[in-house]
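Engineer: Got a structure for you, work_2.cif, holding mmCIF, C-alpha atoms, pLDDT in the B column; chains and numbers go by the auth columns.
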```cif
data_upload
#
loop_
_atom_site.group_PDB
_atom_site.id
_atom_site.type_symbol
_atom_site.label_atom_id
_atom_site.label_comp_id
_atom_site.label_asym_id
_atom_site.label_seq_id
_atom_site.Cartn_x
_atom_site.Cartn_y
_atom_site.Cartn_z
_atom_site.B_iso_or_equiv
_atom_site.auth_seq_id
_atom_site.auth_asym_id
ATOM 1 C CA MET A 1 -16.790 -1.555 -22.078 89.00 1 A
ATOM 2 C CA TRP A 2 -13.176 -1.857 -23.242 86.00 2 A
ATOM 3 C CA GLU A 3 -12.901 1.915 -23.534 91.00 3 A
ATOM 4 C CA LYS A 4 -13.974 2.348 -19.906 92.00 4 A
ATOM 5 C CA LEU A 5 -11.428 -0.256 -18.828 87.00 5 A
ATOM 6 C CA LYS A 6 -8.688 1.450 -20.859 87.00 6 A
ATOM 7 C CA ALA A 7 -9.636 4.820 -19.358 89.00 7 A
ATOM 8 C CA ALA A 8 -9.474 3.381 -15.826 88.00 8 A
ATOM 9 C CA CYS A 9 -5.982 2.073 -16.600 89.00 9 A
ATOM 10 C CA LEU A 10 -4.916 5.349 -18.229 88.00 10 A
ATOM 11 C CA ARG A 11 -4.343 3.372 -21.466 90.00 11 A
ATOM 12 C CA SER A 12 -1.419 1.598 -19.840 92.00 12 A
ATOM 13 C CA LEU A 13 -0.983 -2.160 -19.652 93.00 13 A
ATOM 14 C CA THR A 14 1.447 -1.653 -16.774 94.00 14 A
ATOM 15 C CA ILE A 15 -1.224 0.032 -14.685 95.00 15 A
ATOM 16 C CA ALA A 16 -3.657 -2.761 -15.568 95.00 16 A
ATOM 17 C CA TRP A 17 -1.038 -5.275 -14.394 96.00 17 A
ATOM 18 C CA SER A 18 -0.609 -3.369 -11.118 97.00 18 A
ATOM 19 C CA TYR A 19 -4.387 -3.566 -10.590 96.00 19 A
ATOM 20 C CA VAL A 20 -4.217 -7.339 -11.119 97.00 20 A
ATOM 21 C CA LEU A 21 -1.362 -7.676 -8.609 97.00 21 A
ATOM 22 C CA MET A 22 -3.240 -5.641 -6.020 97.00 22 A
ATOM 23 C CA ALA A 23 -6.443 -7.636 -6.611 97.00 23 A
ATOM 24 C CA VAL A 24 -4.590 -10.924 -6.077 95.00 24 A
ATOM 25 C CA GLY A 25 -3.024 -9.542 -2.903 95.00 25 A
ATOM 26 C CA THR A 26 -6.403 -8.426 -1.626 96.00 26 A
ATOM 27 C CA ALA A 27 -7.940 -11.814 -2.412 93.00 27 A
ATOM 28 C CA LEU A 28 -5.135 -13.617 -0.605 91.00 28 A
ATOM 29 C CA SER A 29 -5.535 -11.396 2.436 91.00 29 A
ATOM 30 C CA MET A 30 -9.239 -12.301 2.617 91.00 30 A
ATOM 31 C CA ILE A 31 -8.739 -16.048 2.109 88.00 31 A
ATOM 32 C CA ASP A 32 -10.346 -16.904 5.475 81.00 32 A
ATOM 33 C CA MET A 33 -13.600 -15.251 4.417 85.00 33 A
ATOM 34 C CA PHE A 34 -13.539 -17.102 1.097 84.00 34 A
ATOM 35 C CA GLY A 35 -12.993 -20.397 2.894 83.00 35 A
ATOM 36 C CA ASP A 36 -15.949 -19.774 5.196 83.00 36 A
ATOM 37 C CA ALA A 37 -18.168 -18.738 2.282 87.00 37 A
ATOM 38 C CA LEU A 38 -17.230 -21.844 0.297 86.00 38 A
ATOM 39 C CA GLY A 39 -17.702 -24.086 3.317 86.00 39 A
ATOM 40 C CA ASP A 40 -14.056 -25.182 3.415 86.00 40 A
ATOM 41 C CA PRO A 41 -12.444 -23.980 6.665 81.00 41 A
ATOM 42 C CA GLN A 42 -9.129 -25.629 5.709 87.00 42 A
ATOM 43 C CA LEU A 43 -8.768 -23.612 2.501 84.00 43 A
ATOM 44 C CA ARG A 44 -6.084 -21.405 4.044 82.00 44 A
ATOM 45 C CA ASP A 45 -4.045 -24.445 5.060 86.00 45 A
ATOM 46 C CA GLN A 46 -4.337 -25.908 1.570 88.00 46 A
ATOM 47 C CA ILE A 47 -3.208 -22.681 -0.081 87.00 47 A
ATOM 48 C CA SER A 48 -0.431 -22.233 2.488 86.00 48 A
ATOM 49 C CA THR A 49 0.852 -25.677 1.595 91.00 49 A
ATOM 50 C CA ALA A 50 0.929 -24.713 -2.085 92.00 50 A
ATOM 51 C CA ILE A 51 2.417 -21.186 -1.961 89.00 51 A
ATOM 52 C CA GLY A 52 3.594 -20.576 1.583 88.00 52 A
ATOM 53 C CA ASP A 53 2.314 -18.079 4.129 88.00 53 A
ATOM 54 C CA THR A 54 -0.732 -16.345 2.634 87.00 54 A
ATOM 55 C CA THR A 55 -0.346 -13.197 4.734 89.00 55 A
ATOM 56 C CA THR A 56 3.215 -12.592 3.585 92.00 56 A
ATOM 57 C CA THR A 57 2.380 -13.450 -0.014 92.00 57 A
ATOM 58 C CA ALA A 58 -0.616 -11.080 0.050 94.00 58 A
ATOM 59 C CA ARG A 59 1.527 -8.239 1.366 95.00 59 A
ATOM 60 C CA ILE A 60 4.177 -8.882 -1.284 96.00 60 A
ATOM 61 C CA PHE A 61 1.574 -8.739 -4.060 96.00 61 A
ATOM 62 C CA LEU A 62 0.077 -5.531 -2.649 97.00 62 A
ATOM 63 C CA VAL A 63 3.451 -3.799 -2.333 97.00 63 A
ATOM 64 C CA LEU A 64 4.586 -4.882 -5.812 97.00 64 A
ATOM 65 C CA GLY A 65 1.313 -3.683 -7.337 97.00 65 A
ATOM 66 C CA PHE A 66 1.526 -0.343 -5.575 97.00 66 A
ATOM 67 C CA ILE A 67 5.155 0.225 -6.570 97.00 67 A
ATOM 68 C CA THR A 68 4.374 -0.721 -10.182 96.00 68 A
ATOM 69 C CA PHE A 69 1.451 1.699 -10.197 96.00 69 A
ATOM 70 C CA LEU A 70 3.497 4.573 -8.788 95.00 70 A
ATOM 71 C CA ALA A 71 6.407 3.953 -11.155 94.00 71 A
ATOM 72 C CA ARG A 72 4.127 3.996 -14.189 94.00 72 A
ATOM 73 C CA LEU A 73 2.351 7.144 -13.034 92.00 73 A
ATOM 74 C CA ARG A 74 5.730 8.807 -12.632 91.00 74 A
ATOM 75 C CA SER A 75 6.744 7.903 -16.179 89.00 75 A
ATOM 76 C CA LEU A 76 3.372 9.030 -17.561 87.00 76 A
ATOM 77 C CA ARG A 77 3.751 12.376 -15.820 87.00 77 A
ATOM 78 C CA ARG A 78 7.194 12.884 -17.379 84.00 78 A
ATOM 79 C CA GLY A 79 5.975 12.093 -20.886 70.00 79 A
#
```
Have the structure of the file written as structure tokens, please.
Structural biologist:
Amino acid sequence: MWEKLKAACLRSLTIAWSYVLMAVGTALSMIDMFGDALGDPQLRDQISTAIGDTTTTARIFLVLGFITFLARLRSLRRG
């Protein structure tokens, strides 16, 4: 199992971290669906109170993850 995970991340912890950032961004962008599924329609308001606007935060996480991924791929290609 670990070997498959390492292969998916191209044996790079930086790429694994970019996947985590993008997953968090995706989860934040779908927070309304999670709230409905959990039966808590005010979940978005509660999270917004804690971290700010969820839409903006989700986009920031997605962009940071994508930039991290591209930067690491660039350095892997050079080496």
Engineer: Check what the PyMOL selection byres ((chain A and resi 27-40) around 8) selects in the file above and give those residues as a tab-separated table (two decimals) with C-alpha atoms, in the coordinates of the input.
Structural biologist:
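Okay, expr_17.tsv is ready:
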```tsv
chain	number	residue	atom	x	y	z
A	23	ALA	CA	-6.44	-7.64	-6.61
A	24	VAL	CA	-4.59	-10.92	-6.08
A	25	GLY	CA	-3.02	-9.54	-2.90
A	26	THR	CA	-6.40	-8.43	-1.63
A	41	PRO	CA	-12.44	-23.98	6.66
A	42	GLN	CA	-9.13	-25.63	5.71
A	43	LEU	CA	-8.77	-23.61	2.50
A	44	ARG	CA	-6.08	-21.40	4.04
A	54	THR	CA	-0.73	-16.34	2.63
A	55	THR	CA	-0.35	-13.20	4.73
A	57	THR	CA	2.38	-13.45	-0.01
A	58	ALA	CA	-0.62	-11.08	0.05
A	59	ARG	CA	1.53	-8.24	1.37
```
Engineer: Between atom CA of Trp17 of chain A and atom CA of Phe69 of chain A, what distance in Å does the model show, to one decimal?
Structural biologist: 8.5 Å
Engineer: In terms of the shortest atom-to-atom distance over all atoms listed in the file, which of A:Ala7, A:Leu21, A:Leu13, A:Ala50 is closest to Leu62 of chain A?
Structural biologist: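 Comparing A:Ala7, A:Leu21, A:Leu13, A:Ala50 against Leu62 of chain A, the winner is A:Leu21.
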Engineer: Measure the distance from atom CA of Leu76 of chain A to atom CA of Tyr19 of chain A in Å and round it to one decimal.
Structural biologist: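 Spanning atom CA of Leu76 of chain A to atom CA of Tyr19 of chain A is a straight-line distance of 16.4 Å.
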Engineer: Atom CA of Ser18 of chain A and atom CA of Glu3 of chain A, how far apart in Å?
Structural biologist: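 That distance, rounded to one decimal, is 18.3 Å.
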Engineer: Would you compute, for all listed atoms of segment 60-74 of chain A, the axis-aligned bounding box grown by 4 Å on each side, and then report its centre and edge lengths in Å rounded to one decimal, as JSON?
Structural biologist:
```
{"center_x": 3.2, "center_y": 0.0, "center_z": -7.7, "size_x": 14.3, "size_y": 25.7, "size_z": 20.9}
```
Engineer: From the options A:Met1, A:Thr56, A:Leu73, A:Ile51, which residue's atoms come nearest to Thr14 of chain A, counting all atoms listed in the file?
Structural biologist: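 The answer is A:Leu73, which sits nearest to Thr14 of chain A.
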Engineer: Would you list the contacts of Arg77 of chain A as a list in words, taking every protein, DNA or RNA residue within 12 Å and counting all atoms listed in the file, but skipping same-chain residues closer than 6 positions in sequence?
Structural biologist: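 So the residues in contact are Leu10, Leu70 and Ala71 of chain A.
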Engineer: Need to verify the contact set: Met22 of chain A, 8 Å, all atoms listed in the file, exclusion of same-chain residues closer than 5 positions in sequence. Can you return it as a PyMOL selection string?
Structural biologist: chain A and resi 61-66
Engineer: Have segment 15-26 of chain A completed to all heavy atoms, please, and pass it along as a short mmCIF file (atom, residue, chain, number, x, y, z; two decimals), in the frame of the given file.
Structural biologist:
```cif
data_model
loop_
_atom_site.label_atom_id
_atom_site.label_comp_id
_atom_site.auth_asym_id
_atom_site.auth_seq_id
_atom_site.Cartn_x
_atom_site.Cartn_y
_atom_site.Cartn_z
N ILE A 15 -0.29 -0.32 -15.75
CA ILE A 15 -1.22 0.03 -14.68
C ILE A 15 -2.27 -1.06 -14.54
O ILE A 15 -2.65 -1.42 -13.42
CB ILE A 15 -1.86 1.41 -14.94
CG1 ILE A 15 -0.79 2.49 -14.74
CG2 ILE A 15 -3.06 1.65 -14.03
CD1 ILE A 15 -1.24 3.90 -14.94
N ALA A 16 -2.72 -1.64 -15.64
CA ALA A 16 -3.66 -2.76 -15.57
C ALA A 16 -3.02 -3.93 -14.81
O ALA A 16 -3.67 -4.58 -13.99
CB ALA A 16 -4.08 -3.20 -16.96
N TRP A 17 -1.74 -4.20 -15.09
CA TRP A 17 -1.04 -5.28 -14.39
C TRP A 17 -0.93 -4.97 -12.90
O TRP A 17 -1.07 -5.86 -12.06
CB TRP A 17 0.35 -5.48 -15.00
CG TRP A 17 1.15 -6.53 -14.31
CD1 TRP A 17 2.29 -6.35 -13.60
CD2 TRP A 17 0.87 -7.93 -14.24
NE1 TRP A 17 2.74 -7.54 -13.10
CE2 TRP A 17 1.88 -8.53 -13.48
CE3 TRP A 17 -0.15 -8.74 -14.75
CZ2 TRP A 17 1.91 -9.89 -13.21
CZ3 TRP A 17 -0.12 -10.09 -14.48
CH2 TRP A 17 0.90 -10.65 -13.72
N SER A 18 -0.69 -3.72 -12.54
CA SER A 18 -0.61 -3.37 -11.12
C SER A 18 -1.96 -3.58 -10.44
O SER A 18 -2.01 -4.02 -9.28
CB SER A 18 -0.12 -1.94 -10.93
OG SER A 18 -1.10 -1.00 -11.33
N TYR A 19 -3.06 -3.30 -11.14
CA TYR A 19 -4.39 -3.57 -10.59
C TYR A 19 -4.58 -5.06 -10.35
O TYR A 19 -5.15 -5.46 -9.34
CB TYR A 19 -5.48 -3.07 -11.53
CG TYR A 19 -5.63 -1.56 -11.59
CD1 TYR A 19 -6.26 -0.96 -12.67
CD2 TYR A 19 -5.17 -0.73 -10.59
CE1 TYR A 19 -6.42 0.40 -12.75
CE2 TYR A 19 -5.32 0.65 -10.66
CZ TYR A 19 -5.95 1.20 -11.74
OH TYR A 19 -6.11 2.56 -11.81
N VAL A 20 -4.10 -5.89 -11.27
CA VAL A 20 -4.22 -7.34 -11.12
C VAL A 20 -3.42 -7.80 -9.90
O VAL A 20 -3.90 -8.60 -9.09
CB VAL A 20 -3.75 -8.07 -12.40
CG1 VAL A 20 -3.61 -9.56 -12.16
CG2 VAL A 20 -4.70 -7.80 -13.55
N LEU A 21 -2.19 -7.30 -9.76
CA LEU A 21 -1.36 -7.68 -8.61
C LEU A 21 -2.03 -7.29 -7.29
O LEU A 21 -2.05 -8.07 -6.34
CB LEU A 21 0.01 -7.02 -8.70
CG LEU A 21 0.97 -7.56 -9.75
CD1 LEU A 21 2.23 -6.70 -9.79
CD2 LEU A 21 1.30 -9.00 -9.49
N MET A 22 -2.59 -6.09 -7.24
CA MET A 22 -3.24 -5.64 -6.02
C MET A 22 -4.52 -6.43 -5.75
O MET A 22 -4.84 -6.71 -4.59
CB MET A 22 -3.51 -4.14 -6.08
CG MET A 22 -2.24 -3.32 -5.96
SD MET A 22 -2.52 -1.55 -5.79
CE MET A 22 -2.75 -1.07 -7.50
N ALA A 23 -5.23 -6.82 -6.80
CA ALA A 23 -6.44 -7.64 -6.61
C ALA A 23 -6.09 -9.02 -6.07
O ALA A 23 -6.78 -9.54 -5.18
CB ALA A 23 -7.20 -7.76 -7.93
N VAL A 24 -5.03 -9.62 -6.58
CA VAL A 24 -4.59 -10.92 -6.08
C VAL A 24 -4.16 -10.80 -4.62
O VAL A 24 -4.50 -11.65 -3.78
CB VAL A 24 -3.46 -11.50 -6.95
CG1 VAL A 24 -2.82 -12.71 -6.29
CG2 VAL A 24 -3.98 -11.86 -8.32
N GLY A 25 -3.44 -9.77 -4.29
CA GLY A 25 -3.02 -9.54 -2.90
C GLY A 25 -4.21 -9.36 -1.97
O GLY A 25 -4.23 -9.90 -0.87
N THR A 26 -5.20 -8.63 -2.43
CA THR A 26 -6.40 -8.43 -1.63
C THR A 26 -7.15 -9.74 -1.44
O THR A 26 -7.61 -10.05 -0.34
CB THR A 26 -7.31 -7.38 -2.28
OG1 THR A 26 -6.58 -6.16 -2.44
CG2 THR A 26 -8.55 -7.12 -1.45
#
```
